[in-house]
>>> print(open('data16.txt').read())   # compact mmCIF, C-alpha atoms
# COMPACT_ATOMS: atom_id res chain seq x y z
CA MET A 1 16.83 -27.09 -2.99
CA LYS A 2 16.65 -23.28 -3.14
CA LYS A 3 15.69 -21.65 -6.42
CA PHE A 4 16.99 -18.31 -7.65
CA THR A 5 14.46 -16.96 -10.14
CA ASN A 6 14.66 -14.42 -12.92
CA PHE A 7 13.34 -11.02 -11.90
CA ASN A 8 12.84 -7.46 -13.14
CA LEU A 9 13.63 -4.27 -11.17
CA TYR A 10 12.69 -0.90 -12.61
CA LEU A 11 13.42 2.16 -10.44
CA TYR A 12 12.18 5.31 -12.09
CA THR A 13 10.89 7.96 -9.69
CA ASP A 14 12.92 11.11 -8.92
CA ILE A 15 12.86 11.38 -5.11
CA LEU A 16 13.35 14.61 -3.16
CA PHE A 17 13.46 13.79 0.57
CA GLY A 18 13.64 16.01 3.65
CA LYS A 19 12.41 19.13 5.41
CA ASP A 20 10.76 21.89 3.36
CA THR A 21 11.11 19.93 0.11
CA GLU A 22 7.51 20.76 -0.86
CA LYS A 23 8.78 24.28 -1.62
CA GLU A 24 10.49 22.77 -4.67
CA THR A 25 7.21 21.53 -6.18
CA GLY A 26 7.09 24.05 -9.01
CA LYS A 27 10.67 23.40 -10.05
CA MET A 28 10.08 19.64 -10.00
CA ILE A 29 6.98 19.96 -12.17
CA ARG A 30 8.89 22.12 -14.66
CA LYS A 31 11.79 19.66 -14.60
CA HIS A 32 9.43 16.87 -15.62
CA GLY A 33 7.63 18.75 -18.39
CA GLY A 34 4.47 20.03 -16.72
CA SER A 35 2.80 23.37 -17.39
CA ARG A 36 -0.93 22.87 -16.66
CA VAL A 37 -1.40 21.03 -13.38
CA MET A 38 -4.29 19.27 -11.64
CA VAL A 39 -3.74 19.06 -7.88
CA VAL A 40 -5.58 15.98 -6.59
CA TYR A 41 -6.21 15.78 -2.84
CA GLY A 42 -8.61 14.41 -0.24
CA GLY A 43 -10.36 16.38 2.49
CA GLY A 44 -9.42 19.73 3.93
CA SER A 45 -6.36 18.68 5.92
CA VAL A 46 -3.84 19.78 3.29
CA LYS A 47 -5.42 23.24 3.36
CA LYS A 48 -5.73 23.49 7.14
CA SER A 49 -2.07 22.54 7.54
CA GLY A 50 -0.92 25.21 5.08
CA LEU A 51 0.62 22.63 2.76
CA PHE A 52 -1.73 23.46 -0.11
CA ASP A 53 -0.81 27.15 0.04
CA ARG A 54 2.91 26.39 0.05
CA VAL A 55 2.52 24.13 -2.96
CA VAL A 56 0.44 26.72 -4.83
CA LYS A 57 3.05 29.40 -4.14
CA ALA A 58 5.79 27.09 -5.44
CA MET A 59 3.80 26.52 -8.64
CA LYS A 60 3.00 30.19 -9.11
CA ASP A 61 6.66 31.07 -8.66
CA GLU A 62 7.33 28.90 -11.73
CA GLY A 63 4.46 30.40 -13.71
CA LEU A 64 2.43 27.19 -13.70
CA TYR A 65 -1.33 27.05 -14.28
CA TYR A 66 -3.25 24.82 -11.87
CA VAL A 67 -6.72 23.56 -11.00
CA GLU A 68 -7.63 21.80 -7.79
CA PHE A 69 -9.57 18.57 -7.54
CA GLY A 70 -10.48 17.54 -3.99
CA GLY A 71 -12.83 15.11 -2.30
CA VAL A 72 -10.87 11.87 -2.59
CA LYS A 73 -12.01 9.30 0.01
CA PRO A 74 -9.60 7.08 2.03
CA ASN A 75 -10.78 4.14 -0.09
CA PRO A 76 -10.79 5.93 -3.48
CA LEU A 77 -13.82 5.67 -5.74
CA ARG A 78 -14.03 4.99 -9.45
CA SER A 79 -16.86 7.53 -9.79
CA LEU A 80 -14.63 10.38 -8.63
CA VAL A 81 -12.04 9.46 -11.25
CA ASP A 82 -14.74 9.85 -13.90
CA LYS A 83 -15.43 13.39 -12.68
CA GLY A 84 -11.73 14.22 -12.65
CA ILE A 85 -11.27 13.06 -16.23
CA LYS A 86 -13.89 15.52 -17.50
CA ILE A 87 -12.26 18.44 -15.66
CA ALA A 88 -8.79 17.44 -16.84
CA ARG A 89 -9.96 17.35 -20.45
CA ASP A 90 -11.77 20.69 -20.20
CA GLU A 91 -8.71 22.33 -18.62
CA LYS A 92 -6.20 20.68 -20.99
CA ILE A 93 -4.18 19.35 -18.05
CA ASP A 94 -0.75 17.94 -18.88
CA PHE A 95 0.53 17.11 -15.36
CA PHE A 96 -1.08 15.61 -12.24
CA LEU A 97 0.02 16.19 -8.66
CA GLY A 98 -1.18 13.70 -6.03
CA LEU A 99 -1.19 15.57 -2.72
CA GLY A 100 -1.96 13.57 0.41
CA GLY A 101 -2.22 9.83 1.03
CA GLY A 102 -2.22 6.85 -1.27
CA SER A 103 -5.86 7.37 -2.21
CA ALA A 104 -5.18 10.84 -3.63
CA ILE A 105 -2.12 9.56 -5.46
CA ASP A 106 -3.98 6.55 -6.90
CA THR A 107 -6.81 8.81 -8.05
CA ALA A 108 -4.30 11.10 -9.75
CA LYS A 109 -2.73 8.10 -11.46
CA ASP A 110 -6.03 6.87 -12.85
CA ILE A 111 -7.02 10.28 -14.20
CA ALA A 112 -3.55 10.56 -15.77
CA ILE A 113 -3.95 7.13 -17.32
CA ALA A 114 -7.27 8.14 -18.86
CA MET A 115 -5.73 11.30 -20.30
CA ALA A 116 -3.10 9.25 -22.11
CA ASN A 117 -5.47 6.49 -23.28
CA ASN A 118 -8.52 8.19 -24.82
CA GLY A 119 -10.42 8.19 -21.54
CA GLU A 120 -9.79 4.51 -20.77
CA TYR A 121 -8.53 3.52 -17.34
CA TRP A 122 -10.78 0.84 -15.80
CA LYS A 123 -9.75 -1.84 -18.25
CA PHE A 124 -6.21 -1.60 -16.86
CA HIS A 125 -7.57 -2.57 -13.44
CA LYS A 126 -9.12 -5.62 -15.11
CA GLY A 127 -5.93 -6.89 -16.72
CA THR A 128 -5.31 -5.01 -19.96
CA VAL A 129 -1.62 -4.09 -20.12
CA LEU A 130 -0.92 -0.40 -19.48
CA GLU A 131 1.67 1.16 -21.78
CA LYS A 132 1.50 4.89 -21.07
CA MET A 133 0.33 7.47 -18.56
CA ALA A 134 0.43 11.27 -18.37
CA PRO A 135 3.10 12.43 -15.87
CA VAL A 136 2.25 12.30 -12.17
CA GLY A 137 4.17 13.88 -9.30
CA THR A 138 3.46 13.19 -5.63
CA ILE A 139 3.72 14.78 -2.20
CA ASN A 140 2.63 12.23 0.37
CA THR A 141 1.40 13.23 3.82
CA ILE A 142 1.26 9.75 5.37
CA ALA A 143 3.68 6.84 5.41
CA ALA A 144 1.56 3.91 4.29
CA ALA A 145 0.68 2.68 0.82
CA GLY A 146 3.92 3.66 -0.93
CA SER A 147 2.01 4.72 -4.05
CA GLU A 148 4.38 7.67 -4.40
CA THR A 149 6.98 5.43 -6.07
CA SER A 150 5.00 2.27 -6.87
CA ARG A 151 3.62 0.95 -10.17
CA SER A 152 0.28 0.31 -8.53
CA ALA A 153 -3.10 1.95 -8.03
CA VAL A 154 -6.27 0.69 -6.33
CA LEU A 155 -9.89 1.84 -6.68
CA VAL A 156 -13.24 0.76 -5.24
CA ASP A 157 -15.75 0.09 -8.02
CA ASP A 158 -18.81 2.08 -6.98
CA VAL A 159 -19.96 2.38 -10.60
CA ASP A 160 -21.07 -1.17 -11.40
CA GLY A 161 -22.45 -1.77 -7.91
CA THR A 162 -20.10 -4.61 -6.92
CA GLY A 163 -17.98 -2.62 -4.47
CA HIS A 164 -14.97 -4.67 -5.53
CA LYS A 165 -11.62 -3.15 -4.68
CA MET A 166 -9.43 -3.63 -7.73
CA GLY A 167 -5.80 -2.75 -8.35
CA PHE A 168 -3.11 -3.15 -10.96
CA MET A 169 0.67 -3.17 -11.19
CA TRP A 170 2.12 -1.77 -14.44
CA GLU A 171 5.52 -0.10 -14.87
CA PRO A 172 4.23 3.05 -16.65
CA ALA A 173 2.17 3.89 -13.55
CA ARG A 174 5.19 5.04 -11.54
CA PRO A 175 5.19 8.77 -10.69
CA VAL A 176 7.93 10.86 -12.29
CA PHE A 177 8.81 12.45 -8.95
CA ALA A 178 8.06 12.06 -5.25
CA ILE A 179 8.55 14.83 -2.71
CA MET A 180 8.80 13.41 0.81
CA ASN A 181 8.94 15.59 3.90
CA PRO A 182 8.52 13.56 7.12
CA GLU A 183 7.25 16.66 8.94
CA LEU A 184 4.12 16.54 6.78
CA THR A 185 3.13 13.33 8.61
CA TYR A 186 3.23 14.86 12.13
CA THR A 187 -0.51 15.58 12.13
CA VAL A 188 -1.50 12.01 11.16
CA SER A 189 -3.54 10.51 14.02
CA PRO A 190 -2.08 7.65 16.10
CA TYR A 191 -4.66 5.27 14.61
CA GLN A 192 -3.83 6.17 11.01
CA THR A 193 -0.11 6.08 11.84
CA GLY A 194 -0.53 2.53 13.09
CA ALA A 195 -2.61 1.60 10.06
CA GLY A 196 0.11 3.03 7.84
CA ALA A 197 2.82 1.02 9.59
CA ALA A 198 0.79 -2.16 9.08
CA ASP A 199 0.29 -1.29 5.40
CA ILE A 200 4.05 -0.85 4.94
CA LEU A 201 4.72 -4.18 6.61
CA ALA A 202 2.10 -5.91 4.46
CA HIS A 203 3.67 -4.76 1.20
CA THR A 204 6.94 -6.38 2.25
CA ILE A 205 5.28 -9.46 3.77
CA SER A 206 3.67 -9.99 0.38
CA ARG A 207 7.04 -9.95 -1.39
CA TYR A 208 8.78 -11.95 1.34
CA PHE A 209 6.46 -14.90 0.84
CA THR A 210 6.72 -15.85 -2.84
CA LYS A 211 5.79 -19.29 -4.09
CA ASP A 212 8.54 -19.62 -6.71
CA ASN A 213 11.35 -18.59 -4.38
CA LEU A 214 11.21 -19.71 -0.77
CA SER A 215 14.55 -18.10 0.09
CA ALA A 216 16.64 -15.57 -1.85
CA TRP A 217 19.40 -14.39 0.49
CA LEU A 218 19.79 -10.76 -0.60
CA GLY A 219 16.07 -10.28 -1.19
CA ASP A 220 15.29 -11.68 2.24
CA GLU A 221 17.94 -9.52 3.91
CA ILE A 222 16.53 -6.34 2.37
CA ALA A 223 12.95 -7.31 3.27
CA GLU A 224 13.83 -8.33 6.82
CA GLY A 225 15.77 -5.11 7.39
CA LEU A 226 12.84 -3.01 6.24
CA MET A 227 10.38 -4.98 8.35
CA ARG A 228 12.58 -4.63 11.46
CA THR A 229 12.64 -0.89 10.79
CA VAL A 230 8.84 -0.73 10.72
CA VAL A 231 8.51 -2.95 13.79
CA LYS A 232 10.90 -0.65 15.70
CA PHE A 233 9.72 2.77 14.59
CA GLY A 234 5.98 2.13 14.16
CA PRO A 235 5.23 2.17 17.91
CA ILE A 236 7.51 5.18 18.40
CA ALA A 237 5.67 7.22 15.78
CA VAL A 238 2.32 6.24 17.31
CA ALA A 239 3.46 7.34 20.79
CA LYS A 240 5.51 10.39 19.70
CA PRO A 241 3.89 11.98 16.62
CA ASN A 242 6.60 14.65 16.21
CA ASP A 243 9.57 12.26 16.34
CA TYR A 244 11.32 13.18 13.08
CA GLU A 245 13.53 10.09 13.01
CA ALA A 246 10.63 7.70 13.42
CA ARG A 247 8.53 9.53 10.83
CA ALA A 248 11.44 9.62 8.37
CA GLU A 249 12.18 5.92 8.78
CA LEU A 250 8.55 5.02 8.17
CA MET A 251 8.25 7.36 5.18
CA ILE A 252 11.20 5.92 3.28
CA SER A 253 10.20 2.39 4.34
CA ALA A 254 6.72 2.91 2.86
CA SER A 255 8.22 3.89 -0.47
CA CYS A 256 10.79 1.08 -0.60
CA SER A 257 8.22 -1.46 0.53
CA HIS A 258 6.10 -0.93 -2.58
CA ASN A 259 8.62 0.13 -5.25
CA ASP A 260 9.75 -3.52 -5.57
CA MET A 261 13.04 -3.16 -3.66
CA THR A 262 11.86 -5.68 -1.07
CA GLY A 263 10.98 -8.14 -3.84
CA LEU A 264 14.55 -8.14 -5.17
CA CYS A 265 15.65 -11.57 -6.46
CA LYS A 266 12.12 -12.98 -6.36
CA ASN A 267 9.32 -13.71 -8.78
CA GLY A 268 6.08 -15.63 -9.08
CA PRO A 269 2.80 -15.69 -7.10
CA ARG A 270 3.14 -14.01 -3.73
CA GLY A 271 1.38 -13.15 -0.50
CA GLY A 272 -2.38 -13.53 -0.26
CA GLU A 273 -3.21 -11.06 2.50
CA HIS A 274 -4.42 -8.25 0.23
CA PRO A 275 -7.29 -10.13 -1.49
CA LEU A 276 -8.49 -11.15 1.98
CA GLU A 277 -8.33 -7.60 3.33
CA HIS A 278 -10.09 -5.99 0.38
CA GLN A 279 -13.37 -7.36 1.73
CA PHE A 280 -13.12 -5.04 4.73
CA SER A 281 -11.90 -1.71 3.32
CA GLY A 282 -13.82 -2.20 0.08
CA TYR A 283 -17.22 -2.96 1.65
CA TYR A 284 -17.10 -1.49 5.14
CA ASP A 285 -14.82 1.49 4.41
CA THR A 286 -12.41 0.53 7.17
CA ALA A 287 -8.78 1.64 7.09
CA HIS A 288 -6.88 -0.58 4.66
CA GLY A 289 -3.88 -0.88 6.99
CA ALA A 290 -6.10 -1.82 9.94
CA GLY A 291 -7.63 -4.66 7.95
CA LEU A 292 -4.19 -5.84 6.89
CA ALA A 293 -2.98 -5.77 10.50
CA MET A 294 -5.85 -8.05 11.46
CA VAL A 295 -5.57 -10.40 8.48
CA MET A 296 -1.79 -10.97 8.27
CA PRO A 297 -1.26 -13.04 11.46
CA ALA A 298 -4.45 -15.05 10.82
CA TRP A 299 -3.39 -15.80 7.23
CA LEU A 300 0.11 -16.85 8.31
CA GLN A 301 -1.33 -18.96 11.13
CA TYR A 302 -3.44 -20.86 8.61
CA ILE A 303 -0.30 -21.62 6.59
CA VAL A 304 1.57 -22.78 9.72
CA ASP A 305 -1.33 -25.13 10.49
CA ASN A 306 -1.83 -26.38 6.92
CA GLY A 307 1.27 -25.58 4.84
CA THR A 308 4.34 -27.51 3.74
CA PRO A 309 7.49 -27.80 5.90
CA ASP A 310 9.24 -25.25 3.68
CA MET A 311 6.40 -22.76 4.16
CA ILE A 312 6.43 -23.25 7.92
CA ALA A 313 10.21 -22.80 8.00
CA LYS A 314 9.91 -19.49 6.15
CA ILE A 315 7.34 -18.20 8.63
CA ALA A 316 9.66 -19.32 11.43
CA GLN A 317 12.42 -17.31 9.73
CA LEU A 318 10.17 -14.24 9.77
CA GLY A 319 9.53 -14.77 13.47
CA VAL A 320 13.23 -15.01 14.32
CA LYS A 321 14.64 -12.35 11.99
CA VAL A 322 11.89 -9.73 12.38
CA PHE A 323 10.05 -10.31 15.66
CA GLY A 324 12.83 -11.77 17.79
CA ALA A 325 11.38 -15.25 18.30
CA SER A 326 13.61 -17.83 19.94
CA PRO A 327 14.74 -20.36 17.30
CA GLN A 328 13.87 -23.95 18.14
CA MET A 329 15.95 -25.80 15.58
CA ASP A 330 14.14 -29.11 16.03
CA ASP A 331 10.65 -27.60 15.94
CA PRO A 332 10.10 -24.97 13.19
CA LYS A 333 6.36 -24.93 13.87
CA ALA A 334 6.89 -23.92 17.50
CA THR A 335 9.27 -21.18 16.34
CA ALA A 336 6.73 -19.98 13.79
CA ASN A 337 3.97 -19.89 16.41
CA ASP A 338 6.21 -17.95 18.80
CA GLY A 339 6.89 -15.44 16.03
CA LEU A 340 3.18 -15.05 15.27
CA GLU A 341 2.41 -14.37 18.94
CA ARG A 342 5.02 -11.62 18.86
CA PHE A 343 3.53 -10.36 15.59
CA ARG A 344 0.10 -10.11 17.24
CA ALA A 345 1.58 -8.26 20.21
CA TRP A 346 3.16 -5.75 17.81
CA VAL A 347 -0.18 -5.26 16.04
CA HIS A 348 -1.77 -4.27 19.35
CA SER A 349 1.25 -2.09 20.24
CA ILE A 350 0.43 0.19 17.28
CA GLY A 351 -3.27 0.30 18.17
CA MET A 352 -4.45 -2.04 15.42
CA PRO A 353 -7.17 -4.72 15.59
CA LEU A 354 -6.86 -8.49 15.59
CA THR A 355 -10.56 -9.38 15.44
CA LEU A 356 -13.61 -8.40 13.43
CA GLU A 357 -15.14 -6.88 16.54
CA GLU A 358 -12.11 -4.65 17.05
CA LEU A 359 -12.23 -3.61 13.40
CA GLY A 360 -15.95 -2.86 13.64
CA VAL A 361 -17.13 -5.43 11.09
CA PRO A 362 -20.18 -7.66 11.87
CA LYS A 363 -19.20 -11.26 12.60
CA ALA A 364 -22.48 -12.53 11.14
CA GLU A 365 -21.41 -11.42 7.66
CA VAL A 366 -18.49 -13.84 7.37
CA PRO A 367 -20.36 -16.14 4.91
CA ASP A 368 -21.09 -13.18 2.63
CA MET A 369 -17.49 -12.00 2.91
CA VAL A 370 -16.29 -15.42 1.83
CA LYS A 371 -18.63 -15.44 -1.18
CA ARG A 372 -17.49 -11.98 -2.26
CA THR A 373 -13.83 -12.91 -1.85
CA MET A 374 -14.19 -15.99 -4.02
CA ALA A 375 -16.21 -14.08 -6.64
CA ALA A 376 -13.61 -11.31 -6.83
CA ASN A 377 -10.78 -13.84 -7.23
CA ASN A 378 -12.38 -16.30 -9.69
CA GLY A 379 -12.83 -18.98 -7.05
CA LYS A 380 -9.27 -19.13 -5.73
CA ILE A 381 -6.73 -16.72 -4.24
CA VAL A 382 -3.43 -17.46 -5.95
CA GLY A 383 -0.41 -16.61 -3.81
CA TYR A 384 2.26 -18.01 -1.55
CA MET A 385 -0.23 -20.71 -0.59
CA ASP A 386 -3.28 -20.92 -2.84
CA MET A 387 -6.50 -20.52 -0.88
CA ASP A 388 -9.84 -22.05 -1.80
CA GLU A 389 -13.21 -21.33 -0.21
CA LYS A 390 -12.49 -23.69 2.70
CA ALA A 391 -9.23 -21.87 3.51
CA VAL A 392 -10.77 -18.41 3.26
CA THR A 393 -13.67 -19.48 5.48
CA ALA A 394 -11.28 -20.83 8.11
CA ILE A 395 -9.21 -17.63 8.12
CA PHE A 396 -12.24 -15.34 8.40
CA ASN A 397 -13.77 -17.53 11.13
CA SER A 398 -10.52 -17.29 13.11
CA LEU A 399 -11.02 -13.52 13.30
CA LYS A 400 -14.23 -13.78 15.37
>>> encode(input="data16.txt", output="structure tokens")
Amino acid sequence: MKKFTNFNLYLYTDILFGKDTEKETGKMIRKHGGSRVMVVYGGGSVKKSGLFDRVVKAMKDEGLYYVEFGGVKPNPLRSLVDKGIKIARDEKIDFFLGLGGGSAIDTAKDIAIAMANNGEYWKFHKGTVLEKMAPVGTINTIAAAGSETSRSAVLVDDVDGTGHKMGFMWEPARPVFAIMNPELTYTVSPYQTGAGAADILAHTISRYFTKDNLSAWLGDEIAEGLMRTVVKFGPIAVAKPNDYEARAELMISASCSHNDMTGLCKNGPRGGEHPLEHQFSGYYDTAHGAGLAMVMPAWLQYIVDNGTPDMIAKIAQLGVKVFGASPQMDDPKATANDGLERFRAWVHSIGMPLTLEELGVPKAEVPDMVKRTMAANNGKIVGYMDMDEKAVTAIFNSLK
């Protein structure tokens, strides 16, 4: 019997979407109470593209004071947050602008959290409930993590030496505004575009497969529609970088995929692909989306081979509704397997890996990866299907 669970949906972020919207940055910061701004970004791409200068002009036009804080890595580091906190305190910053990808936005969030909590931020990654954060605005330059409207942030712990990639999900962590201009993603490489598309899909896959609710009609319809959008427009954006429609569809999909819209009507433990992937981007500095692209079909295949009939039926539903598998009413497992083959073909169509070799991770390190995964998750990954050491080992071995 289907179960319809209680759920919470909190949509907070003020979104400004479309061409040239970054020119409104100063007005948006003023609107949301900022006067002294820290601009957090990654490498030099935002300066080479001219985006940084346009944003600075927009802030100056509103009489805003700003400092810049660059150097954020694709897999953001805890140590850089510590440096940013000191600068923010010295400069009496009251507003943070994440400019770039999810790593820059997550770094801005953590510095903003520290500013509102007497310098504390890491404890919120370890489970302490977050209740407040200094205001954060965002201008994202890649469609991927969806951090621009999410309640989440992820950091790699390079301070204590573990290299664990740790995230949180707390409502106060949502940015106050998000400026989204699809044209800002034109310069993203085909590889990173594909990685972003996989990341978007993964955030909805995670919400689609929830243990406490195998099928919620409206929630599933929203999730399936978003996933079909990514499956359609991901390859187009990879092949045609300046296709505005494809870039726009991916950009809004990234945001909706991680702002909890695709988890509507659902609750309880979900997914399981992210704890598996964190071993790759956290330790080998691979692209997060690339690792997710590799892990997702392998994880779902393990569930098809070892899960309950209801779980297999849900994966078959994904195959039919999202990847166009032919429904075999008397054989859900065959339908699910057909869908997963189509899933794998899509992964390769966006230039993403399906094996450790393709990702560039040594096969010989699988035993160590398993040990680290279990240590980071207290001996068991809790999700759609709970995974013990045997399950994790089987999934990682299937990637060789």
>>> closest_residue(input="data16.txt", among="A:Gly307, A:Pro362, A:Gly146, A:Gly383", to="Arg207 (chain A)", atoms="all atoms listed in the file")
A:Gly383
>>> closest_residue(input="data16.txt", among="A:Lys371, A:His164, A:Lys266, A:Lys132", to="His278 (chain A)", atoms="only C-alpha atoms")
A:His164
>>> residues_around(input="data16.txt", residues="Val159 (chain A)", least_positions_apart="2", cutoff="7 Å", atoms="all atoms listed in the file", output="MDAnalysis selection string")
chainID A and resid 78:79 157 161
>>> residues_around(input="data16.txt", residues="Pro275 (chain A)", least_positions_apart="3", cutoff="8 Å", atoms="all atoms listed in the file", output="list in words")
Gly272, His278, Gln279, Thr373, Asn377 and Ile381 of chain A
>>> residues_near_point(input="data16.txt", point="(7.6, -14.1, 1.6)", cutoff="9 Å", atoms="all atoms listed in the file", output="list in words")
Thr204, Ile205, Ser206, Arg207, Tyr208, Phe209, Thr210, Lys211, Asn213, Leu214, Ser215, Asp220, Ala223, Gly263, Arg270, Gly271, Lys314, Ile315, Leu318 and Tyr384 of chain A
>>> atom_distance(input="data16.txt", atom1="CA of Asp82 (chain A)", atom2="CA of Ile111 (chain A)")
7.7 Å
>>> closest_residue(input="data16.txt", among="A:Glu245, A:Lys321, A:Lys73, A:Leu130", to="Ile222 (chain A)", atoms="all atoms listed in the file")
A:Lys321
>>> residues_around(input="data16.txt", residues="Ala246 (chain A)", least_positions_apart="3", cutoff="6 Å", atoms="all atoms listed in the file", output="VMD selection string")
chain A and resid 233 237 243 249
>>> closest_residue(input="data16.txt", among="A:Ser281, A:Gln192, A:Thr141, A:Ser35", to="Ile179 (chain A)", atoms="only C-alpha atoms")
A:Thr141
>>> atom_distance(input="data16.txt", atom1="CA of Glu273 (chain A)", atom2="CA of Val382 (chain A)")
10.6 Å
>>> closest_residue(input="data16.txt", among="A:Ala134, A:Met311, A:Val295, A:Met180", to="Arg344 (chain A)", atoms="only C-alpha atoms")
A:Val295
>>> atom_distance(input="data16.txt", atom1="CA of Val55 (chain A)", atom2="CA of Met133 (chain A)")
22.9 Å
>>> residues_around(input="data16.txt", residues="Asp20 (chain A)", least_positions_apart="4", cutoff="9 Å", atoms="only C-alpha atoms", output="list in words")
Glu24, Asn181 and Glu183 of chain A
>>> residues_around(input="data16.txt", residues="Ile395 (chain A)", least_positions_apart="4", cutoff="10 Å", atoms="only C-alpha atoms", output="list in words")
Leu276, Val295, Met296, Pro297, Ala298, Trp299, Leu300, Gln301, Tyr302, Ile303, Val370, Met387, Glu389, Lys390, Ala391, Leu399 and Lys400 of chain A
>>> closest_residue(input="data16.txt", among="A:Gly102, A:His125, A:Pro172, A:Val366", to="Gly289 (chain A)", atoms="only C-alpha atoms")
A:Gly102
